[in-house]
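As stored in target03.txt (compact mmCIF, N, CA and C atoms (P, O5', C5', C4', C3', O3' and C1' of nucleotides)):
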# COMPACT_ATOMS: atom_id res chain seq x y z
N MET A 132 0.83 -1.21 0.00
CA MET A 132 0.00 0.00 0.00
C MET A 132 0.86 1.26 0.00
N GLY A 133 0.50 2.18 -0.89
CA GLY A 133 1.17 3.47 -0.89
C GLY A 133 0.28 4.47 -0.18
N TYR A 134 0.77 5.65 0.09
CA TYR A 134 -0.02 6.66 0.80
C TYR A 134 -1.27 7.00 0.00
N GLY A 135 -1.09 7.19 -1.30
CA GLY A 135 -2.22 7.52 -2.17
C GLY A 135 -3.24 6.40 -2.17
N GLU A 136 -2.76 5.17 -2.17
CA GLU A 136 -3.66 4.01 -2.18
C GLU A 136 -4.49 3.98 -0.90
N VAL A 137 -3.85 4.21 0.21
CA VAL A 137 -4.56 4.22 1.49
C VAL A 137 -5.63 5.30 1.46
N ALA A 138 -5.25 6.48 0.99
CA ALA A 138 -6.19 7.60 0.93
C ALA A 138 -7.40 7.22 0.08
N ARG A 139 -7.15 6.66 -1.09
CA ARG A 139 -8.24 6.28 -1.99
C ARG A 139 -9.14 5.25 -1.31
N ALA A 140 -8.51 4.24 -0.72
CA ALA A 140 -9.26 3.17 -0.08
C ALA A 140 -10.15 3.72 1.03
N ALA A 141 -9.70 4.79 1.66
CA ALA A 141 -10.46 5.37 2.77
C ALA A 141 -11.52 6.35 2.26
N GLY A 142 -11.50 6.62 0.95
CA GLY A 142 -12.51 7.51 0.40
C GLY A 142 -12.07 8.96 0.28
N PHE A 143 -10.76 9.21 0.36
CA PHE A 143 -10.23 10.56 0.22
C PHE A 143 -9.10 10.57 -0.81
N PRO A 144 -9.47 10.51 -2.07
CA PRO A 144 -8.54 10.35 -3.19
C PRO A 144 -7.35 11.31 -3.21
N ARG A 145 -7.51 12.54 -2.71
CA ARG A 145 -6.40 13.49 -2.83
C ARG A 145 -5.65 13.69 -1.53
N TYR A 146 -5.77 12.76 -0.61
CA TYR A 146 -5.22 13.00 0.72
C TYR A 146 -3.97 12.20 1.06
N SER A 147 -3.18 11.88 0.07
CA SER A 147 -1.97 11.10 0.34
C SER A 147 -1.10 11.77 1.41
N ARG A 148 -0.99 13.07 1.31
CA ARG A 148 -0.13 13.77 2.28
C ARG A 148 -0.73 13.73 3.67
N MET A 149 -2.05 13.75 3.75
CA MET A 149 -2.68 13.72 5.06
C MET A 149 -2.46 12.35 5.70
N VAL A 150 -2.43 11.33 4.85
CA VAL A 150 -2.19 9.97 5.36
C VAL A 150 -0.84 9.91 6.06
N SER A 151 0.16 10.43 5.40
CA SER A 151 1.49 10.41 6.01
C SER A 151 1.50 11.21 7.30
N ALA A 152 0.84 12.36 7.27
CA ALA A 152 0.79 13.20 8.47
C ALA A 152 0.12 12.43 9.60
N ALA A 153 -0.99 11.77 9.28
CA ALA A 153 -1.75 11.05 10.29
C ALA A 153 -0.91 9.91 10.89
N LEU A 154 -0.25 9.17 10.03
CA LEU A 154 0.57 8.06 10.52
C LEU A 154 1.64 8.57 11.47
N GLY A 155 2.22 9.69 11.12
CA GLY A 155 3.29 10.24 11.95
C GLY A 155 2.77 10.76 13.27
N ARG A 156 1.57 11.37 13.26
CA ARG A 156 1.05 11.99 14.47
C ARG A 156 0.35 11.01 15.39
N SER A 157 -0.24 9.97 14.82
CA SER A 157 -1.04 9.07 15.63
C SER A 157 -0.30 8.54 16.85
N PRO A 158 -0.88 8.66 18.02
CA PRO A 158 -0.29 8.17 19.26
C PRO A 158 -0.33 6.65 19.33
N GLU A 159 -1.33 6.04 18.69
CA GLU A 159 -1.38 4.58 18.74
C GLU A 159 -0.36 3.96 17.79
N PRO A 160 0.10 2.76 18.10
CA PRO A 160 1.14 2.07 17.33
C PRO A 160 0.63 1.53 16.01
N LEU A 161 0.34 2.39 15.06
CA LEU A 161 -0.10 1.93 13.74
C LEU A 161 1.06 1.31 12.99
N PRO A 162 0.79 0.37 12.12
CA PRO A 162 1.83 -0.25 11.30
C PRO A 162 2.26 0.68 10.18
N TRP A 163 2.74 1.83 10.57
CA TRP A 163 3.14 2.86 9.61
C TRP A 163 4.18 2.36 8.62
N PHE A 164 4.97 1.42 9.05
CA PHE A 164 6.07 0.95 8.20
C PHE A 164 5.60 0.16 7.00
N ARG A 165 4.30 -0.22 7.00
CA ARG A 165 3.81 -0.97 5.83
C ARG A 165 3.35 -0.05 4.73
N VAL A 166 3.37 1.26 4.99
CA VAL A 166 2.99 2.20 3.94
C VAL A 166 4.25 2.75 3.29
N VAL A 167 4.31 2.61 1.96
CA VAL A 167 5.51 3.01 1.23
C VAL A 167 5.16 4.03 0.16
N ARG A 168 6.16 4.45 -0.59
CA ARG A 168 5.92 5.36 -1.70
C ARG A 168 5.35 4.61 -2.88
N SER A 169 4.70 5.36 -3.76
CA SER A 169 4.08 4.74 -4.93
C SER A 169 5.11 4.07 -5.82
N ASN A 170 6.34 4.54 -5.76
CA ASN A 170 7.39 3.92 -6.59
C ASN A 170 7.96 2.68 -5.93
N ARG A 171 7.34 2.23 -4.83
CA ARG A 171 7.74 1.01 -4.13
C ARG A 171 9.09 1.12 -3.44
N THR A 172 9.49 2.33 -3.12
CA THR A 172 10.67 2.47 -2.28
C THR A 172 10.14 2.81 -0.89
N LEU A 173 11.02 2.79 0.10
CA LEU A 173 10.57 3.13 1.43
C LEU A 173 10.26 4.62 1.52
N ALA A 174 9.62 4.99 2.62
CA ALA A 174 9.10 6.36 2.74
C ALA A 174 10.17 7.40 3.01
N PHE A 175 11.33 6.97 3.46
CA PHE A 175 12.31 7.95 3.91
C PHE A 175 13.55 7.98 3.03
N GLU A 176 14.39 8.94 3.31
CA GLU A 176 15.63 9.05 2.55
C GLU A 176 16.51 7.86 2.88
N VAL A 177 17.08 7.26 1.84
CA VAL A 177 17.93 6.10 2.04
C VAL A 177 19.07 6.43 2.99
N GLY A 178 19.25 5.57 3.98
CA GLY A 178 20.34 5.77 4.92
C GLY A 178 19.92 6.48 6.20
N SER A 179 18.77 7.15 6.15
CA SER A 179 18.33 7.83 7.37
C SER A 179 17.98 6.80 8.44
N SER A 180 17.96 7.22 9.67
CA SER A 180 17.67 6.27 10.76
C SER A 180 16.26 5.72 10.60
N SER A 181 15.34 6.58 10.19
CA SER A 181 13.96 6.13 10.00
C SER A 181 13.89 5.09 8.88
N TYR A 182 14.69 5.34 7.85
CA TYR A 182 14.73 4.39 6.73
C TYR A 182 15.16 3.01 7.23
N ARG A 183 16.26 3.01 7.98
CA ARG A 183 16.77 1.72 8.46
C ARG A 183 15.76 1.03 9.38
N GLU A 184 15.07 1.83 10.17
CA GLU A 184 14.07 1.25 11.07
C GLU A 184 12.94 0.59 10.28
N GLN A 185 12.44 1.33 9.28
CA GLN A 185 11.36 0.78 8.48
C GLN A 185 11.80 -0.48 7.75
N ALA A 186 12.99 -0.43 7.20
CA ALA A 186 13.51 -1.58 6.46
C ALA A 186 13.58 -2.79 7.39
N GLN A 187 14.07 -2.57 8.58
CA GLN A 187 14.21 -3.66 9.54
C GLN A 187 12.85 -4.27 9.87
N LEU A 188 11.89 -3.40 10.19
CA LEU A 188 10.55 -3.87 10.55
C LEU A 188 9.92 -4.66 9.41
N LEU A 189 10.08 -4.16 8.19
CA LEU A 189 9.50 -4.84 7.04
C LEU A 189 10.14 -6.20 6.83
N LYS A 190 11.45 -6.27 7.01
CA LYS A 190 12.13 -7.55 6.84
C LYS A 190 11.56 -8.56 7.82
N GLU A 191 11.31 -8.09 9.04
CA GLU A 191 10.74 -8.99 10.04
C GLU A 191 9.36 -9.47 9.64
N GLU A 192 8.68 -8.65 8.81
CA GLU A 192 7.34 -9.03 8.33
C GLU A 192 7.44 -9.97 7.13
N GLY A 193 8.66 -10.20 6.67
CA GLY A 193 8.83 -11.10 5.54
C GLY A 193 8.85 -10.42 4.19
N VAL A 194 8.87 -9.09 4.19
CA VAL A 194 8.93 -8.36 2.93
C VAL A 194 10.35 -8.41 2.39
N ARG A 195 10.48 -8.71 1.12
CA ARG A 195 11.81 -8.79 0.53
C ARG A 195 12.13 -7.55 -0.28
N PHE A 196 13.41 -7.25 -0.40
CA PHE A 196 13.85 -6.07 -1.14
C PHE A 196 14.75 -6.43 -2.30
N ASP A 197 14.69 -5.56 -3.33
CA ASP A 197 15.63 -5.64 -4.43
C ASP A 197 16.45 -4.36 -4.31
N GLY A 198 17.44 -4.36 -3.44
CA GLY A 198 18.17 -3.13 -3.17
C GLY A 198 17.26 -2.18 -2.43
N VAL A 199 16.95 -1.03 -3.00
CA VAL A 199 16.07 -0.07 -2.34
C VAL A 199 14.61 -0.33 -2.68
N LYS A 200 14.40 -1.08 -3.77
CA LYS A 200 13.03 -1.35 -4.20
C LYS A 200 12.45 -2.52 -3.42
N ILE A 201 11.16 -2.45 -3.18
CA ILE A 201 10.48 -3.54 -2.50
C ILE A 201 9.98 -4.54 -3.52
N ILE A 202 10.27 -5.81 -3.31
CA ILE A 202 9.80 -6.84 -4.23
C ILE A 202 8.28 -6.97 -4.14
N GLU A 203 7.81 -7.33 -2.98
CA GLU A 203 6.36 -7.39 -2.79
C GLU A 203 6.02 -6.99 -1.37
N LEU A 204 5.20 -5.95 -1.27
CA LEU A 204 4.88 -5.41 0.04
C LEU A 204 3.71 -6.13 0.68
N GLU A 205 2.72 -6.47 -0.13
CA GLU A 205 1.49 -7.02 0.41
C GLU A 205 1.74 -8.37 1.07
N THR A 206 1.66 -8.37 2.38
CA THR A 206 1.79 -9.62 3.11
C THR A 206 0.40 -10.05 3.56
N GLU A 207 0.31 -11.15 4.24
CA GLU A 207 -1.01 -11.62 4.67
C GLU A 207 -1.66 -10.66 5.66
N ASN A 208 -0.88 -9.81 6.26
CA ASN A 208 -1.46 -8.83 7.16
C ASN A 208 -1.12 -7.41 6.73
N SER A 209 -1.33 -7.14 5.44
CA SER A 209 -1.03 -5.81 4.93
C SER A 209 -1.97 -4.77 5.54
N LEU A 210 -1.59 -3.53 5.42
CA LEU A 210 -2.29 -2.46 6.12
C LEU A 210 -3.78 -2.38 5.83
N ASP A 211 -4.14 -2.51 4.58
CA ASP A 211 -5.56 -2.39 4.24
C ASP A 211 -6.37 -3.44 4.97
N ARG A 212 -5.82 -4.63 5.07
CA ARG A 212 -6.55 -5.70 5.75
C ARG A 212 -6.68 -5.40 7.25
N ILE A 213 -5.64 -4.85 7.81
CA ILE A 213 -5.66 -4.53 9.23
C ILE A 213 -6.67 -3.42 9.53
N LEU A 214 -6.65 -2.40 8.69
CA LEU A 214 -7.53 -1.26 8.93
C LEU A 214 -8.98 -1.58 8.66
N TRP A 215 -9.24 -2.27 7.56
CA TRP A 215 -10.63 -2.46 7.16
C TRP A 215 -11.06 -3.92 7.10
N GLY A 216 -10.13 -4.79 7.37
CA GLY A 216 -10.46 -6.21 7.41
C GLY A 216 -11.00 -6.72 6.09
N PRO A 217 -11.35 -7.98 6.04
CA PRO A 217 -11.88 -8.61 4.83
C PRO A 217 -13.30 -8.15 4.50
N GLN A 218 -13.70 -7.02 5.02
CA GLN A 218 -15.00 -6.43 4.71
C GLN A 218 -16.18 -7.38 4.88
N ASP A 219 -16.27 -8.44 4.13
CA ASP A 219 -17.41 -9.39 4.18
C ASP A 219 -17.64 -9.91 5.57
P DA B 118 -8.98 36.38 6.24
O5' DA B 118 -7.46 37.04 6.36
C5' DA B 118 -7.20 38.38 6.04
C4' DA B 118 -5.85 38.53 5.40
C3' DA B 118 -5.64 37.61 4.20
O3' DA B 118 -4.77 38.25 3.27
C1' DA B 118 -4.15 36.99 5.93
P DA B 119 -4.39 37.64 1.90
O5' DA B 119 -2.95 37.05 2.28
C5' DA B 119 -1.94 37.91 2.74
C4' DA B 119 -0.59 37.24 2.64
C3' DA B 119 -0.42 36.37 1.38
O3' DA B 119 0.92 36.50 0.97
C1' DA B 119 -0.24 35.02 3.29
P DA B 120 1.46 35.68 -0.29
O5' DA B 120 2.48 34.68 0.43
C5' DA B 120 3.37 35.19 1.41
C4' DA B 120 4.14 34.04 2.04
C3' DA B 120 4.63 33.01 1.05
O3' DA B 120 5.96 32.66 1.40
C1' DA B 120 3.35 31.95 2.72
P DA B 121 6.79 31.67 0.45
O5' DA B 121 7.09 30.46 1.46
C5' DA B 121 7.58 30.75 2.75
C4' DA B 121 7.45 29.53 3.65
C3' DA B 121 8.05 28.26 3.03
O3' DA B 121 8.82 27.62 4.03
C1' DA B 121 5.85 27.87 3.72
P DT B 122 9.70 26.35 3.59
O5' DT B 122 8.78 25.15 4.08
C5' DT B 122 8.28 25.19 5.40
C4' DT B 122 7.49 23.95 5.69
C3' DT B 122 7.98 22.67 4.98
O3' DT B 122 7.97 21.62 5.91
C1' DT B 122 5.71 22.96 4.64
P DG B 123 9.36 20.80 6.09
O5' DG B 123 8.83 19.31 6.11
C5' DG B 123 8.02 18.87 5.08
C4' DG B 123 7.00 17.90 5.67
C3' DG B 123 7.05 16.54 5.00
O3' DG B 123 6.57 15.52 5.86
C1' DG B 123 5.11 17.76 4.35
P DA B 124 7.69 14.83 6.77
O5' DA B 124 7.54 13.35 6.23
C5' DA B 124 8.50 12.79 5.35
C4' DA B 124 7.92 11.56 4.72
C3' DA B 124 6.46 11.72 4.33
O3' DA B 124 6.24 11.11 3.07
C1' DA B 124 6.71 9.92 5.85
P DC B 125 6.38 11.90 1.78
O5' DC B 125 4.93 11.84 1.12
C5' DC B 125 3.93 10.94 1.49
C4' DC B 125 2.95 10.81 0.34
C3' DC B 125 3.50 10.03 -0.85
O3' DC B 125 2.49 9.19 -1.37
C1' DC B 125 2.86 12.18 -1.53
P DG B 126 2.75 8.25 -2.59
O5' DG B 126 2.33 9.16 -3.82
C5' DG B 126 1.02 9.67 -3.87
C4' DG B 126 0.74 10.24 -5.23
C3' DG B 126 1.34 9.41 -6.37
O3' DG B 126 0.43 9.44 -7.45
C1' DG B 126 2.19 11.61 -6.44
P DA B 127 0.63 8.48 -8.73
O5' DA B 127 0.32 9.47 -9.94
C5' DA B 127 -0.66 10.48 -9.76
C4' DA B 127 -0.31 11.66 -10.63
C3' DA B 127 0.11 11.24 -12.04
O3' DA B 127 -0.56 12.08 -12.96
C1' DA B 127 1.74 12.66 -11.08
P DA B 128 -0.39 11.79 -14.55
O5' DA B 128 0.12 13.23 -15.04
C5' DA B 128 -0.07 14.34 -14.20
C4' DA B 128 0.72 15.53 -14.72
C3' DA B 128 1.09 15.43 -16.20
O3' DA B 128 1.03 16.73 -16.75
C1' DA B 128 3.05 15.53 -14.91
P DC B 129 0.85 16.90 -18.34
O5' DC B 129 2.22 17.56 -18.81
C5' DC B 129 3.41 17.07 -18.26
C4' DC B 129 4.32 18.23 -17.92
C3' DC B 129 5.23 18.61 -19.09
O3' DC B 129 5.55 19.97 -19.08
C1' DC B 129 6.53 17.71 -17.32
P DC B 130 6.12 20.57 -20.51
O5' DC B 130 7.33 19.62 -20.85
C5' DC B 130 8.53 20.17 -21.36
C4' DC B 130 9.46 20.55 -20.24
C3' DC B 130 10.90 20.75 -20.66
O3' DC B 130 11.53 21.68 -19.79
C1' DC B 130 10.77 18.93 -19.20
P DA C 13 14.05 3.81 -18.01
O5' DA C 13 15.09 4.86 -17.42
C5' DA C 13 16.47 4.66 -17.75
C4' DA C 13 17.26 5.83 -17.24
C3' DA C 13 17.08 6.12 -15.76
O3' DA C 13 18.28 6.70 -15.25
C1' DA C 13 16.20 7.91 -17.00
P DG C 14 18.30 6.99 -13.67
O5' DG C 14 18.09 8.58 -13.74
C5' DG C 14 19.04 9.38 -14.42
C4' DG C 14 18.76 10.84 -14.11
C3' DG C 14 18.45 11.10 -12.65
O3' DG C 14 18.96 12.38 -12.30
C1' DG C 14 16.62 11.74 -13.95
P DG C 15 18.90 12.92 -10.81
O5' DG C 15 18.35 14.39 -11.08
C5' DG C 15 18.95 15.20 -12.09
C4' DG C 15 18.05 16.38 -12.38
C3' DG C 15 17.58 17.11 -11.12
O3' DG C 15 17.66 18.51 -11.33
C1' DG C 15 15.71 16.36 -12.37
P DT C 16 17.16 19.53 -10.18
O5' DT C 16 15.76 20.07 -10.74
C5' DT C 16 15.63 20.37 -12.10
C4' DT C 16 14.26 20.96 -12.40
C3' DT C 16 13.67 21.83 -11.28
O3' DT C 16 13.08 22.98 -11.86
C1' DT C 16 12.18 20.07 -11.81
P DT C 17 12.25 24.03 -11.00
O5' DT C 17 10.77 23.56 -11.34
C5' DT C 17 10.40 23.38 -12.70
C4' DT C 17 8.89 23.20 -12.80
C3' DT C 17 8.09 24.10 -11.87
O3' DT C 17 6.96 24.59 -12.58
C1' DT C 17 7.58 21.85 -11.43
P DC C 18 5.85 25.42 -11.82
O5' DC C 18 4.81 24.26 -11.56
C5' DC C 18 4.33 23.49 -12.66
C4' DC C 18 3.11 22.69 -12.23
C3' DC C 18 2.16 23.50 -11.34
O3' DC C 18 0.83 23.16 -11.68
C1' DC C 18 2.92 21.60 -10.18
P DG C 19 -0.41 23.82 -10.95
O5' DG C 19 -0.99 22.58 -10.11
C5' DG C 19 -1.68 21.54 -10.80
C4' DG C 19 -2.20 20.51 -9.82
C3' DG C 19 -3.13 21.07 -8.74
O3' DG C 19 -4.23 20.19 -8.60
C1' DG C 19 -1.36 19.94 -7.72
P DC C 20 -5.47 20.73 -7.69
O5' DC C 20 -5.24 20.01 -6.29
C5' DC C 20 -5.20 18.61 -6.23
C4' DC C 20 -4.70 18.11 -4.88
C3' DC C 20 -5.33 18.85 -3.69
O3' DC C 20 -6.32 18.03 -3.10
C1' DC C 20 -2.97 18.47 -3.40
P DC C 21 -7.62 18.82 -2.54
O5' DC C 21 -7.19 19.05 -1.03
C5' DC C 21 -6.78 17.96 -0.24
C4' DC C 21 -6.31 18.46 1.12
C3' DC C 21 -7.04 19.69 1.65
O3' DC C 21 -7.07 19.65 3.07
C1' DC C 21 -4.81 20.15 1.56
P DA C 22 -8.17 20.28 3.94
O5' DA C 22 -7.58 20.14 5.42
C5' DA C 22 -7.32 18.84 5.90
C4' DA C 22 -6.12 18.85 6.82
C3' DA C 22 -6.25 19.77 8.03
O3' DA C 22 -5.63 19.13 9.14
C1' DA C 22 -4.41 20.46 6.71
P DT C 23 -5.78 19.71 10.59
O5' DT C 23 -4.26 20.04 10.95
C5' DT C 23 -3.42 20.50 9.92
C4' DT C 23 -2.01 20.63 10.42
C3' DT C 23 -1.86 21.52 11.64
O3' DT C 23 -0.70 21.12 12.37
C1' DT C 23 -0.97 22.61 9.73
P DT C 24 -0.32 21.93 13.67
O5' DT C 24 0.81 22.93 13.15
C5' DT C 24 1.92 22.41 12.42
C4' DT C 24 2.81 23.55 11.94
C3' DT C 24 3.14 24.59 13.02
O3' DT C 24 4.53 24.87 12.95
C1' DT C 24 2.28 25.62 11.10
P DT C 25 5.27 25.64 14.19
O5' DT C 25 5.74 26.96 13.45
C5' DT C 25 5.06 27.35 12.30
C4' DT C 25 6.02 28.09 11.37
C3' DT C 25 6.67 29.32 11.97
O3' DT C 25 7.75 29.70 11.15
C1' DT C 25 4.90 29.97 10.58

Please render this file's structure as structure tokens.
Amino acid sequence: MGYGEVARAAGFPRYSRMVSAALGRSPEPLPWFRVVRSNRTLAFEVGSSSYREQAQLLKEEGVRFDGVKIIELETENSLDRILWGPQD
DNA sequence: AAAATGACGAACC
DNA sequence: AGGTTCGCCATTT
């Protein structure tokens, strides 16, 4: 899931930036690290401490990388499923 | 009130 | 392919 994708899924197509803001501000432990950029790279500047943290967390979730690019982000407990569940 | 700012994204050079 | 500009919209200056 990218920020724009989350926004769309929530019914706010132009709110990608608000999504990132919300994830950052939220006091509850949201799985912010599962949200990436639309180009499938991580959300932060490569090498930054936040970048390394996100990379580490994602690896623990079983997400694989091709260098800086993410091979496949969607895991069995991807963000959309956590937030909105299997709907049915 | 006006301008700058973002864990964004797409459109243009 | 890679760098710059532009649209987005709530917050903060």

Identify every residue of chain A that has at least one atom within 9 Å of any atom of chain C, counting only C-alpha atoms (C1' of nucleotides), and report the result as a list in words.
-> Arg145, Tyr146, Ser147, Arg148 and Met149 of chain A

Those residues you just picked out, can you put them in a file as a tab-separated table (two decimals), in the frame of the given file with N, CA and C atoms?
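Output file out_35.tsv is given in full below:
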chain	number	residue	atom	x	y	z
A	145	ARG	N	-7.51	12.54	-2.71
A	145	ARG	CA	-6.40	13.49	-2.83
A	145	ARG	C	-5.65	13.69	-1.53
A	146	TYR	N	-5.77	12.76	-0.61
A	146	TYR	CA	-5.22	13.00	0.72
A	146	TYR	C	-3.97	12.20	1.06
A	147	SER	N	-3.18	11.88	0.07
A	147	SER	CA	-1.97	11.10	0.34
A	147	SER	C	-1.10	11.77	1.41
A	148	ARG	N	-0.99	13.07	1.31
A	148	ARG	CA	-0.13	13.77	2.28
A	148	ARG	C	-0.73	13.73	3.67
A	149	MET	N	-2.05	13.75	3.75
A	149	MET	CA	-2.68	13.72	5.06
A	149	MET	C	-2.46	12.35	5.70

Which chain A residues have any atom within 7 Å of an atom of chain B, and for each, what is the nearest pair of atoms with distance in Å to one decimal, counting all atoms listed in the file, rows sorted by chain and number, as a Markdown table?
| residue | atom | partner | partner_atom | distance |
| --- | --- | --- | --- | --- |
| A:Gly133 | C | B:DG126 | P | 5.1 |
| A:Tyr134 | CA | B:DC125 | O3' | 4.2 |
| A:Gly135 | N | B:DC125 | O3' | 4.1 |
| A:Glu136 | N | B:DG126 | C5' | 6.1 |
| A:Ser147 | C | B:DC125 | C4' | 4.3 |
| A:Arg148 | N | B:DC125 | C4' | 4.6 |
| A:Met149 | N | B:DC125 | C4' | 6.7 |
| A:Val150 | C | B:DC125 | C5' | 6.7 |
| A:Ser151 | CA | B:DC125 | C5' | 5.2 |
| A:Ala152 | N | B:DA124 | C3' | 6.4 |
| A:Gly155 | N | B:DA124 | C1' | 6.9 |
| A:Val167 | C | B:DG126 | P | 5.6 |
| A:Arg168 | CA | B:DG126 | P | 4.4 |
| A:Ser169 | N | B:DG126 | P | 3.7 |
| A:Asn170 | N | B:DG126 | P | 6.1 |
| A:Ala174 | C | B:DA124 | C4' | 5.0 |
| A:Phe175 | CA | B:DA124 | C4' | 5.7 |

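Within region 146-194 of chain A, DSSP run on the backbone puts these residues in alpha helix (DSSP H): Ser147, Arg148, Met149, Val150, Ser151, Ala152, Ala153, Leu154, Gly155, Arg156, Ser180, Ser181, Tyr182, Arg183, Glu184, Gln185, Ala186, Gln187, Leu188, Leu189, Lys190 and Glu191 of chain A.
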
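The two atoms in question, CA of Val194 (chain A) and atom C of Leu161 (chain A), are spaced 16.0 Å apart.
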
Have a look at CA of Gly193 (chain A) and CA of Ser157 (chain A) and let me know their distance in Å, one decimal.
-> 24.6 Å

From chain A, collect each residue whose DSSP state is strand (DSSP E or B) and return the set as a PyMOL selection string.
-> chain A and resi 133+167+172+195-197+200-203

Model the absent atoms of region 165-172 of chain A so that all heavy atoms are present, and write the result as a CSV table (one decimal), in the coordinates of the input.
chain,number,residue,atom,x,y,z
A,165,ARG,N,4.3,-0.2,7.0
A,165,ARG,CA,3.8,-1.0,5.8
A,165,ARG,C,3.4,0.0,4.7
A,165,ARG,O,2.9,-0.5,3.7
A,165,ARG,CB,2.6,-1.9,6.3
A,165,ARG,CG,3.1,-2.8,7.3
A,165,ARG,CD,2.4,-4.1,7.3
A,165,ARG,NE,2.7,-4.8,8.6
A,165,ARG,CZ,1.8,-5.1,9.4
A,165,ARG,NH1,0.5,-5.0,9.2
A,165,ARG,NH2,2.2,-5.6,10.6
A,166,VAL,N,3.4,1.3,5.0
A,166,VAL,CA,3.0,2.2,3.9
A,166,VAL,C,4.2,2.8,3.3
A,166,VAL,O,5.1,3.3,4.0
A,166,VAL,CB,2.2,3.4,4.5
A,166,VAL,CG1,1.6,4.2,3.4
A,166,VAL,CG2,1.0,2.8,5.4
A,167,VAL,N,4.3,2.6,2.0
A,167,VAL,CA,5.5,3.0,1.2
A,167,VAL,C,5.2,4.0,0.2
A,167,VAL,O,4.0,4.4,0.0
A,167,VAL,CB,6.2,1.8,0.6
A,167,VAL,CG1,6.5,0.8,1.6
A,167,VAL,CG2,5.2,1.2,-0.5
A,168,ARG,N,6.2,4.4,-0.6
A,168,ARG,CA,5.9,5.4,-1.7
A,168,ARG,C,5.4,4.6,-2.9
A,168,ARG,O,5.5,3.4,-3.0
A,168,ARG,CB,7.2,6.0,-2.1
A,168,ARG,CG,7.7,7.0,-1.1
A,168,ARG,CD,8.6,8.0,-1.8
A,168,ARG,NE,9.1,9.0,-0.9
A,168,ARG,CZ,9.5,10.2,-1.4
A,168,ARG,NH1,9.5,10.4,-2.7
A,168,ARG,NH2,9.9,11.1,-0.6
A,169,SER,N,4.7,5.4,-3.8
A,169,SER,CA,4.1,4.7,-4.9
A,169,SER,C,5.1,4.1,-5.8
A,169,SER,O,4.8,3.1,-6.5
A,169,SER,CB,3.3,5.8,-5.7
A,169,SER,OG,4.1,6.8,-6.1
A,170,ASN,N,6.3,4.5,-5.8
A,170,ASN,CA,7.4,3.9,-6.6
A,170,ASN,C,8.0,2.7,-5.9
A,170,ASN,O,9.0,2.1,-6.4
A,170,ASN,CB,8.5,4.9,-6.9
A,170,ASN,CG,9.1,5.5,-5.6
A,170,ASN,OD1,8.9,5.0,-4.5
A,170,ASN,ND2,10.0,6.4,-5.8
A,171,ARG,N,7.3,2.2,-4.8
A,171,ARG,CA,7.7,1.0,-4.1
A,171,ARG,C,9.1,1.1,-3.4
A,171,ARG,O,9.7,0.1,-3.2
A,171,ARG,CB,7.8,-0.2,-5.1
A,171,ARG,CG,6.5,-0.4,-5.8
A,171,ARG,CD,5.3,-1.0,-5.0
A,171,ARG,NE,4.6,0.1,-4.3
A,171,ARG,CZ,3.4,-0.2,-3.7
A,171,ARG,NH1,2.9,-1.4,-3.6
A,171,ARG,NH2,2.8,0.8,-3.1
A,172,THR,N,9.5,2.3,-3.1
A,172,THR,CA,10.7,2.5,-2.3
A,172,THR,C,10.1,2.8,-0.9
A,172,THR,O,9.0,3.1,-0.7
A,172,THR,CB,11.6,3.6,-2.8
A,172,THR,OG1,10.9,4.9,-2.7
A,172,THR,CG2,12.0,3.4,-4.2
